[in-house]
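This is start-v2.txt (compact mmCIF, C-alpha atoms).
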# COMPACT_ATOMS: atom_id res chain seq x y z
CA MET E 1 107.99 78.89 92.79
CA ASN E 2 108.94 82.18 94.40
CA ASN E 3 108.48 83.85 91.02
CA ASP E 4 104.74 83.16 90.85
CA PHE E 5 104.30 84.26 94.45
CA GLU E 6 106.41 87.35 93.78
CA THR E 7 104.28 88.28 90.77
CA LYS E 8 101.05 87.85 92.70
CA LEU E 9 102.35 89.90 95.61
CA SER E 10 103.46 92.70 93.35
CA THR E 11 99.94 93.03 91.94
CA LEU E 12 98.67 94.16 95.33
CA VAL E 13 97.92 97.88 95.19
CA PRO E 14 99.10 99.95 98.16
CA THR E 15 96.48 102.16 99.78
CA GLY E 16 97.01 105.80 100.59
CA LYS E 17 95.36 109.17 100.34
CA SER E 18 96.70 111.37 97.58
CA SER E 19 98.99 114.17 98.46
CA ASN E 20 97.89 117.74 98.02
CA ARG E 21 98.84 118.06 94.39
CA ASP E 22 97.61 121.61 94.12
CA ALA E 23 100.10 122.65 96.79
CA LEU E 24 102.85 120.85 94.90
CA PHE E 25 101.90 122.53 91.65
CA PHE E 26 101.79 125.84 93.42
CA GLU E 27 105.34 125.29 94.67
CA LEU E 28 106.34 124.20 91.22
CA GLY E 29 104.93 127.44 89.85
CA LYS E 30 106.86 129.48 92.38
CA GLY E 31 110.07 127.78 91.37
CA HIS E 32 109.34 128.67 87.80
CA LYS E 33 108.53 132.30 88.42
CA LYS E 34 110.46 133.45 85.41
CA GLN E 35 108.65 131.03 83.23
CA TYR E 36 105.17 132.08 84.11
CA SER E 37 104.67 132.91 80.49
CA LEU E 38 104.58 129.16 80.09
CA ALA E 39 102.23 128.58 82.97
CA SER E 40 99.48 126.40 81.74
CA ALA E 41 95.84 127.09 82.28
CA PHE E 42 95.86 123.89 84.27
CA LEU E 43 98.46 125.27 86.65
CA ALA E 44 96.48 128.46 87.05
CA GLY E 45 93.42 126.36 87.82
CA ALA E 46 95.39 124.31 90.31
CA ILE E 47 96.57 127.45 92.07
CA ALA E 48 93.06 128.78 92.19
CA ALA E 49 91.70 125.51 93.53
CA SER E 50 94.32 125.47 96.25
CA PHE E 51 93.88 129.01 97.30
CA PRO E 52 90.30 130.06 96.63
CA TRP E 53 90.89 133.42 98.26
CA LEU E 54 93.40 134.32 95.61
CA LEU E 55 93.05 137.34 93.52
CA LEU E 56 94.44 136.43 90.17
CA THR E 57 95.36 139.12 87.79
CA GLN E 58 97.47 140.02 84.85
CA VAL E 59 100.01 142.72 85.51
CA GLN E 60 103.09 144.14 83.92
CA SER E 61 105.56 142.91 86.51
CA GLN E 62 106.08 139.28 87.16
CA LYS E 63 106.03 138.36 90.82
CA ILE E 64 104.23 136.58 93.58
CA GLU E 65 103.32 138.48 96.69
CA THR E 66 102.48 136.30 99.61
CA SER E 67 100.75 137.94 102.47
CA PRO E 68 102.56 137.42 105.79
CA SER E 69 99.26 137.39 107.61
CA PRO E 70 96.96 134.43 107.08
CA SER E 71 93.95 136.69 107.55
CA GLU E 72 94.94 138.79 104.56
CA PRO E 73 94.50 137.56 101.05
CA THR E 74 97.44 136.24 99.16
CA VAL E 75 97.77 137.73 95.76
CA VAL E 76 99.21 135.91 92.84
CA LEU E 77 100.29 137.97 89.95
CA LEU E 78 100.61 136.20 86.67
CA GLU E 79 102.05 137.82 83.66
CA PRO E 80 101.56 135.90 80.51
CA ALA E 81 104.18 137.01 77.98
CA LYS E 82 103.12 138.73 74.82
CA SER E 83 103.39 135.48 72.98
CA GLU E 84 101.71 133.54 75.73
CA PRO E 85 99.47 130.81 74.49
CA TYR E 86 96.80 131.26 77.12
CA SER E 87 94.71 134.35 76.94
CA LEU E 88 92.89 135.82 79.86
CA LEU E 89 89.83 134.34 78.33
CA THR E 90 91.38 130.90 78.66
CA TYR E 91 92.14 131.51 82.29
CA ARG E 92 88.59 132.68 82.79
CA LYS E 93 87.32 129.46 81.23
CA VAL E 94 89.44 127.42 83.60
CA PHE E 95 87.90 129.23 86.51
CA GLU E 96 84.45 128.77 85.13
CA THR E 97 84.97 125.04 84.95
CA THR E 98 86.06 125.07 88.57
CA ASN E 99 83.19 127.27 89.56
CA ASP E 100 83.04 125.89 93.04
CA LEU E 101 85.30 128.75 93.94
CA PRO E 102 82.82 131.45 94.87
CA SER E 103 85.41 133.57 96.60
CA LEU E 104 87.70 133.71 93.63
CA ASP E 105 87.88 137.16 92.18
CA TYR E 106 89.10 137.74 88.74
CA VAL E 107 90.44 141.10 87.81
CA GLU E 108 91.84 142.15 84.54
CA ALA E 109 94.32 144.72 85.71
CA SER E 110 95.29 147.75 83.76
CA ALA E 111 98.81 148.48 82.66
CA GLN E 112 99.17 150.89 85.58
CA VAL E 113 99.16 148.07 88.10
CA GLU E 114 102.70 147.55 89.27
CA THR E 115 102.54 147.18 93.00
CA LEU E 116 100.37 145.42 95.49
CA SER E 117 98.68 148.63 96.51
CA ASP E 118 97.98 149.46 92.84
CA LEU E 119 96.39 146.09 92.60
CA GLN E 120 94.26 146.61 95.68
CA LYS E 121 93.14 149.95 94.25
CA GLU E 122 92.26 148.28 91.01
CA PHE E 123 90.39 145.60 92.86
CA SER E 124 88.29 148.10 94.79
CA LEU E 125 87.50 149.96 91.57
CA TYR E 126 86.40 146.74 90.02
CA HIS E 127 83.91 146.18 92.78
CA GLN E 128 82.37 149.62 92.81
CA MET S 1 110.93 119.98 86.46
CA LYS S 2 107.76 119.96 84.45
CA LEU S 3 104.24 119.57 85.68
CA GLU S 4 103.78 116.46 83.52
CA GLU S 5 106.92 114.82 84.95
CA LEU S 6 105.66 115.39 88.46
CA GLN S 7 102.25 113.99 87.53
CA ARG S 8 103.81 110.84 86.09
CA PHE S 9 106.06 110.42 89.12
CA LEU S 10 103.12 110.75 91.49
CA GLU S 11 101.07 108.22 89.55
CA GLN S 12 103.88 105.71 89.72
CA HIS S 13 105.32 106.27 93.20
CA GLU S 14 102.94 108.15 95.46
CA LYS S 15 101.19 105.15 97.02
CA CYS S 16 104.45 103.18 97.20
CA LEU S 17 106.08 106.06 99.08
CA ILE S 18 103.16 106.11 101.51
CA LEU S 19 103.49 102.36 102.02
CA TYR S 20 107.22 102.83 102.60
CA ALA S 21 106.62 105.56 105.21
CA LYS S 22 104.08 103.33 106.97
CA GLN S 23 106.95 101.05 107.93
CA TRP S 24 107.98 103.57 110.57
CA CYS S 25 105.32 106.13 111.31
CA ASN S 26 101.65 106.66 111.63
CA THR S 27 101.35 109.80 109.50
CA PRO S 28 102.74 108.53 106.21
CA GLU S 29 100.78 110.91 103.96
CA ASP S 30 102.19 113.94 105.76
CA VAL S 31 105.71 112.59 105.52
CA VAL S 32 105.37 111.93 101.80
CA GLN S 33 103.82 115.34 101.19
CA GLU S 34 106.76 117.02 102.94
CA ALA S 35 109.26 115.02 100.92
CA LEU S 36 107.51 115.89 97.68
CA MET S 37 107.44 119.56 98.60
CA GLU S 38 111.19 119.34 99.17
CA LEU S 39 111.66 117.73 95.77
CA VAL S 40 109.65 120.46 94.06
CA ARG S 41 111.34 123.30 95.94
CA LYS S 42 114.76 121.95 95.01
CA GLN S 43 113.60 121.68 91.40
CA LEU S 44 114.95 118.14 91.12
CA ASP S 45 113.98 115.85 88.31
CA PRO S 46 111.74 113.27 90.01
CA VAL S 47 112.67 110.39 87.71
CA GLN S 48 116.42 110.88 88.15
CA ASN S 49 115.99 111.40 91.88
CA THR S 50 113.59 108.60 92.76
CA ALA S 51 115.98 107.02 95.27
CA TRP S 52 116.57 110.48 96.79
CA VAL S 53 112.81 110.88 97.41
CA TYR S 54 112.68 107.47 99.11
CA THR S 55 115.65 108.46 101.28
CA VAL S 56 113.93 111.69 102.33
CA VAL S 57 110.71 109.81 103.10
CA ARG S 58 112.63 107.25 105.17
CA ASN S 59 114.53 109.90 107.13
CA LYS S 60 111.39 111.91 107.82
CA ALA S 61 109.35 108.86 108.80
CA VAL S 62 112.06 107.63 111.18
CA SER S 63 112.42 111.10 112.63
CA VAL S 64 108.65 111.45 113.18
CA ALA S 65 108.59 108.03 114.86
CA ARG S 66 111.47 109.00 117.16
CA ARG S 67 109.82 112.27 118.17
CA SER S 68 106.71 110.66 119.51
CA THR S 69 105.84 107.26 120.79
CA LYS S 70 102.34 107.90 119.48
CA GLN S 71 103.77 107.92 116.00
CA LYS S 72 104.82 104.29 116.02
CA PRO S 73 103.06 102.41 113.26
CA MET S 74 99.89 100.70 114.35
CA VAL S 75 99.82 96.95 114.05
CA GLY S 76 97.21 94.24 113.69
CA GLN S 77 93.55 95.07 113.41
CA ASP S 78 94.06 98.69 114.56
CA CYS S 79 96.06 99.46 111.48
CA GLU S 80 94.60 100.83 108.25
CA PRO S 81 94.94 98.30 105.44
CA TRP S 82 98.18 98.54 103.50
CA PHE S 83 96.66 97.19 100.29
CA GLU S 84 93.45 97.63 98.35
CA PRO S 85 91.13 94.63 98.70
CA ASN S 86 91.45 92.27 95.77
CA THR S 87 89.29 89.70 94.08
CA GLY S 88 89.68 86.42 92.23
CA ASP S 89 92.64 84.17 92.82
CA ALA S 90 94.98 86.97 93.78
CA ILE S 91 96.76 86.88 97.10
CA ASP S 92 94.66 87.92 100.08
CA ALA S 93 95.56 91.59 100.61
CA ASN S 94 94.69 91.56 104.28
CA ALA S 95 96.73 88.43 105.00
CA ALA S 96 99.69 89.84 103.06
CA HIS S 97 99.54 92.99 105.17
CA LEU S 98 99.35 91.16 108.48
CA HIS S 99 102.16 88.75 107.65
CA LEU S 100 104.37 91.46 106.21
CA GLN S 101 104.07 93.29 109.52
CA GLU S 102 105.37 90.22 111.31
CA LEU S 103 108.64 90.25 109.36
CA ASP S 104 111.74 91.94 110.73
CA GLU S 105 112.02 95.55 109.61
CA PRO S 106 115.21 95.16 107.50
CA ILE S 107 113.62 92.33 105.53
CA ARG S 108 110.26 94.02 105.18
CA GLU S 109 111.85 97.24 103.96
CA VAL S 110 113.63 95.47 101.12
CA LEU S 111 110.44 93.63 100.14
CA VAL S 112 108.43 96.86 100.02
CA LEU S 113 111.07 98.69 97.97
CA LYS S 114 111.49 95.85 95.50
CA LEU S 115 107.95 94.56 95.09
CA TRP S 116 105.88 97.73 95.13
CA SER S 117 108.30 100.56 94.45
CA GLY S 118 110.14 98.62 91.77
CA LEU S 119 113.59 99.83 92.85
CA SER S 120 116.69 97.90 91.83
CA PHE S 121 118.91 96.22 94.42
CA GLU S 122 121.50 98.85 93.60
CA GLU S 123 119.03 101.57 94.63
CA ILE S 124 117.75 99.60 97.60
CA ALA S 125 121.19 98.93 99.15
CA PRO S 126 121.94 102.50 100.34
CA LEU S 127 118.36 102.92 101.56
CA ALA S 128 118.45 99.70 103.55
CA GLN S 129 122.02 100.50 104.62
CA CYS S 130 123.47 97.23 103.39
CA SER S 131 125.33 95.84 100.39
CA LYS S 132 123.60 94.98 97.13
CA SER S 133 124.09 91.26 97.76
CA GLU S 134 122.72 91.58 101.30
CA ALA S 135 119.65 93.38 99.93
CA HIS S 136 119.15 90.50 97.50
CA ARG S 137 119.54 87.95 100.29
CA ARG S 138 117.01 89.75 102.49
CA TYR S 139 114.57 89.88 99.58
CA GLN S 140 114.76 86.15 98.91
CA GLN S 141 114.50 85.38 102.62
CA GLY S 142 111.52 87.72 102.97
CA LEU S 143 109.67 86.08 100.09
CA GLU S 144 110.29 82.65 101.55
CA LEU S 145 109.17 83.65 105.05
CA LEU S 146 106.07 85.36 103.74
CA ARG S 147 105.16 82.38 101.60
CA LYS S 148 105.44 80.08 104.60
CA LYS S 149 103.42 82.41 106.84
CA MET S 150 100.69 82.57 104.22
CA GLY S 151 100.61 78.82 103.91
CA LEU S 152 101.55 78.87 100.24
CA LEU S 153 104.37 76.36 100.30
Take the structure I supplied and represent it as structure tokens, if you would.
Amino acid sequence: MNNDFETKLSTLVPTGKSSNRDALFFELGKGHKKQYSLASAFLAGAIAASFPWLLLTQVQSQKIETSPSPSEPTVVLLEPAKSEPYSLLTYRKVFETTNDLPSLDYVEASAQVETLSDLQKEFSLYHQ
Amino acid sequence: MKLEELQRFLEQHEKCLILYAKQWCNTPEDVVQEALMELVRKQLDPVQNTAWVYTVVRNKAVSVARRSTKQKPMVGQDCEPWFEPNTGDAIDANAAHLHLQELDEPIREVLVLKLWSGLSFEEIAPLAQCSKSEAHRRYQQGLELLRKKMGLL
């Protein structure tokens, strides 16, 4: 008799707001820094959705620079490997599909970009 | 850990973890989020570390509840529903919630972990800080008590 009751009880669906998956995926991405060549377009989109102030770019060095000041933008540097399956165009498409991110800037950096200041320079050039 | 593994884990356990945290504190979503962040930062496989996640959620929820009296779980009508409303001949979700709350915490914890999280008694025992057989006994007792309270004898 308990079995029927048990089955019925187990069909009840717990309530609960979803966790911030974008933040989790962002953390996941950080943990996989060396594997950014495998970062999926989805992950890139998730990062962008989480942090709409991000400046996403392709650079030669592979690193994440997080601004210590919340008022300054955080910059995520993604370096798809030469054999990477997702082209910049793919990333761009992801951003276009999440086009509720008006503050997202997309910069295709030149090979000279190696540091954060290089990137900022590049960014200002882009907006001239 | 892969993105897909995390997705699957969240689909299966997220709401159950929130329900579990509700047993002690009033900010269950925050507690679960923190535990998940810890899982991701440690790069642990979520499937192989399911019981670990529940342990972290339990510890955090208990700790939050201890820090503030305001964080004690709300009871009765003030409390957000624990289950989605259901239809048909299924068990009344609201009644199940209210009567579950009336059970002693050690019994309720085992019921939540077994019925909704789908953990084995082996996994439940260390969480509930008892033996496997004691976890089983609490589960059977909990079912019986709940059935009586709901007038389904």
Within 9 Å of Thr15 of chain E, counting all atoms listed in the file, which residues qualify if same-chain residues fewer than 2 places away don't, as a PDB file with C-alpha atoms, keeping the file's coordinate frame?
ATOM      1  CA  VAL E  13      97.920  97.880  95.190  1.00  0.00           C
ATOM      2  CA  LYS E  17      95.360 109.170 100.340  1.00  0.00           C
TER       3      LYS E  17
ATOM      4  CA  LYS S  15     101.190 105.150  97.020  1.00  0.00           C
ATOM      5  CA  CYS S  16     104.450 103.180  97.200  1.00  0.00           C
ATOM      6  CA  ILE S  18     103.160 106.110 101.510  1.00  0.00           C
ATOM      7  CA  LEU S  19     103.490 102.360 102.020  1.00  0.00           C
ATOM      8  CA  GLU S  80      94.600 100.830 108.250  1.00  0.00           C
ATOM      9  CA  PRO S  81      94.940  98.300 105.440  1.00  0.00           C
ATOM     10  CA  TRP S  82      98.180  98.540 103.500  1.00  0.00           C
ATOM     11  CA  PHE S  83      96.660  97.190 100.290  1.00  0.00           C
ATOM     12  CA  GLU S  84      93.450  97.630  98.350  1.00  0.00           C
TER      13      GLU S  84
END
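Between atom CA of Glu105 of chain S and atom CA of Phe121 of chain S the interatomic distance comes to 16.7 Å.
Separating atom CA of Leu39 of chain S from atom CA of Leu111 of chain S is a distance of 24.5 Å.
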Test item: axis-aligned box, all listed atoms of segment 2-19 of chain S, 6 Å on each side, centre and edges in Å rounded to one decimal, as JSON:
{"center_x": 104.4, "center_y": 111.2, "center_z": 92.8, "size_x": 18.7, "size_y": 29.6, "size_z": 30.5}
Sort by chain and increasing residue number a table of all residues of chain E within 6 Å of chain S, each with its closest pair of atoms and their distance in Å to one decimal, counting all atoms listed in the file, and write it as a tab-separated table.
residue	atom	partner	partner_atom	distance
E:Ser10	CA	S:Leu115	CA	5.2
E:Val13	CA	S:Phe83	CA	5.3
E:Pro14	CA	S:Phe83	CA	4.3
E:Thr15	CA	S:Phe83	CA	5.0
E:Gly16	CA	S:Lys15	CA	5.5
E:Ser19	CA	S:Gln33	CA	5.7
E:Leu28	CA	S:Val40	CA	5.7
Let me make sure I understand: among S:Leu113, S:Leu44, S:Ala35, S:Cys25, which one has the smallest atom-to-atom distance to Arg67 of chain S if we use only C-alpha atoms? S:Cys25
Show me, as a PyMOL selection string, the residues that have an atom within 10 Å of Trp52 of chain S when counting all atoms listed in the file, minus same-chain residues fewer than 4 positions from it. chain S and resi 35+39+44+46-48+56-58+123+127
Nearest residue to Val64 of chain S from the set S:Arg108, S:Asn26, S:Asp45, S:Ala51 (distances using all atoms listed in the file): S:Asn26
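Atom pair atom CA of Leu100 of chain S / atom CA of Lys148 of chain S has a distance of 11.5 Å (rounded to one decimal).
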